[in-house]
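Working notes, beginning with the structure itself.
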Amino acid sequence: MRHSAGFGAATKFWLLIVILVLCASLGLAKRPVPDGTELFDLLTSYSFVGILALGLLVVLIAGGIDISFTATASVAQYVALAMANAYGANWASVFAIAIGIGGALAPSTRF
């Protein structure tokens, strides 16, 4: 099914409006301002999810691309870190485990 050029532009426009409204409403919410250590803790705790969210936003705006990579990356991260904590693996082993799990779970592609 083909969409007209106006449909894609309208979708991107409304996506931008929704993002701006969410940012404005969250910015206007009355909360105590966190200090520097709390902000740093939030950034380090949610950096992986934030990177995935930004990547997914680009994919959603571009359209027509499979978005299952976020689930695959989350599973690979969790299993790799769980194994590293259980068996004391170094960083190279953690990367190897995550790459192996990601490769095993990734959907096959046809060229």
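We label chains A, B, ... in the order they appear in the structure tokens, count residues from 1 in each chain, and number ligands from 1 in the order shown.
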- prompt: Which neighbours of A:Ile97 fall inside 10 Å, counting only C-alpha atoms, when residues of the same chain fewer than 3 positions from it are skipped, and could you give them as a VMD selection string?
  reply: chain A and resid 76 to 77 79 to 81 83 to 84 89 91 to 94 100 to 103
For A:Gly55, please output as a PDB file with C-alpha atoms, in the first residue's frame all residues within 10 Å (counting only C-alpha atoms; exclusion window: fewer than 6 positions along the same chain).
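Generated file (part.pdb):
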```
ATOM      1  CA  VAL A  49      17.139   2.559  27.729  1.00  0.00           C
ATOM      2  CA  ILE A  67      11.747  -2.396  15.479  1.00  0.00           C
ATOM      3  CA  PHE A  69      15.984  -4.768  17.931  1.00  0.00           C
ATOM      4  CA  THR A  70      15.035  -3.160  21.242  1.00  0.00           C
TER       5      THR A  70
END
```
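For the atom pair formed by atom CA of A:Ile99 and atom CA of A:Leu57, the distance is 23.0 Å, given to one decimal.
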task: Determine which residues of chain A receive a DSSP assignment of helix (DSSP H, G or I), computed from the backbone, and state them as a VMD selection string.
output: chain A and resid 5 to 28 36 to 45 47 to 62 69 to 87 91 to 105
message: For a quick check of understanding, using only C-alpha atoms, which of A:Leu105, A:Val58, A:Ala24, A:Ala10 has the smallest distance to A:Ala73?
response: A:Leu105
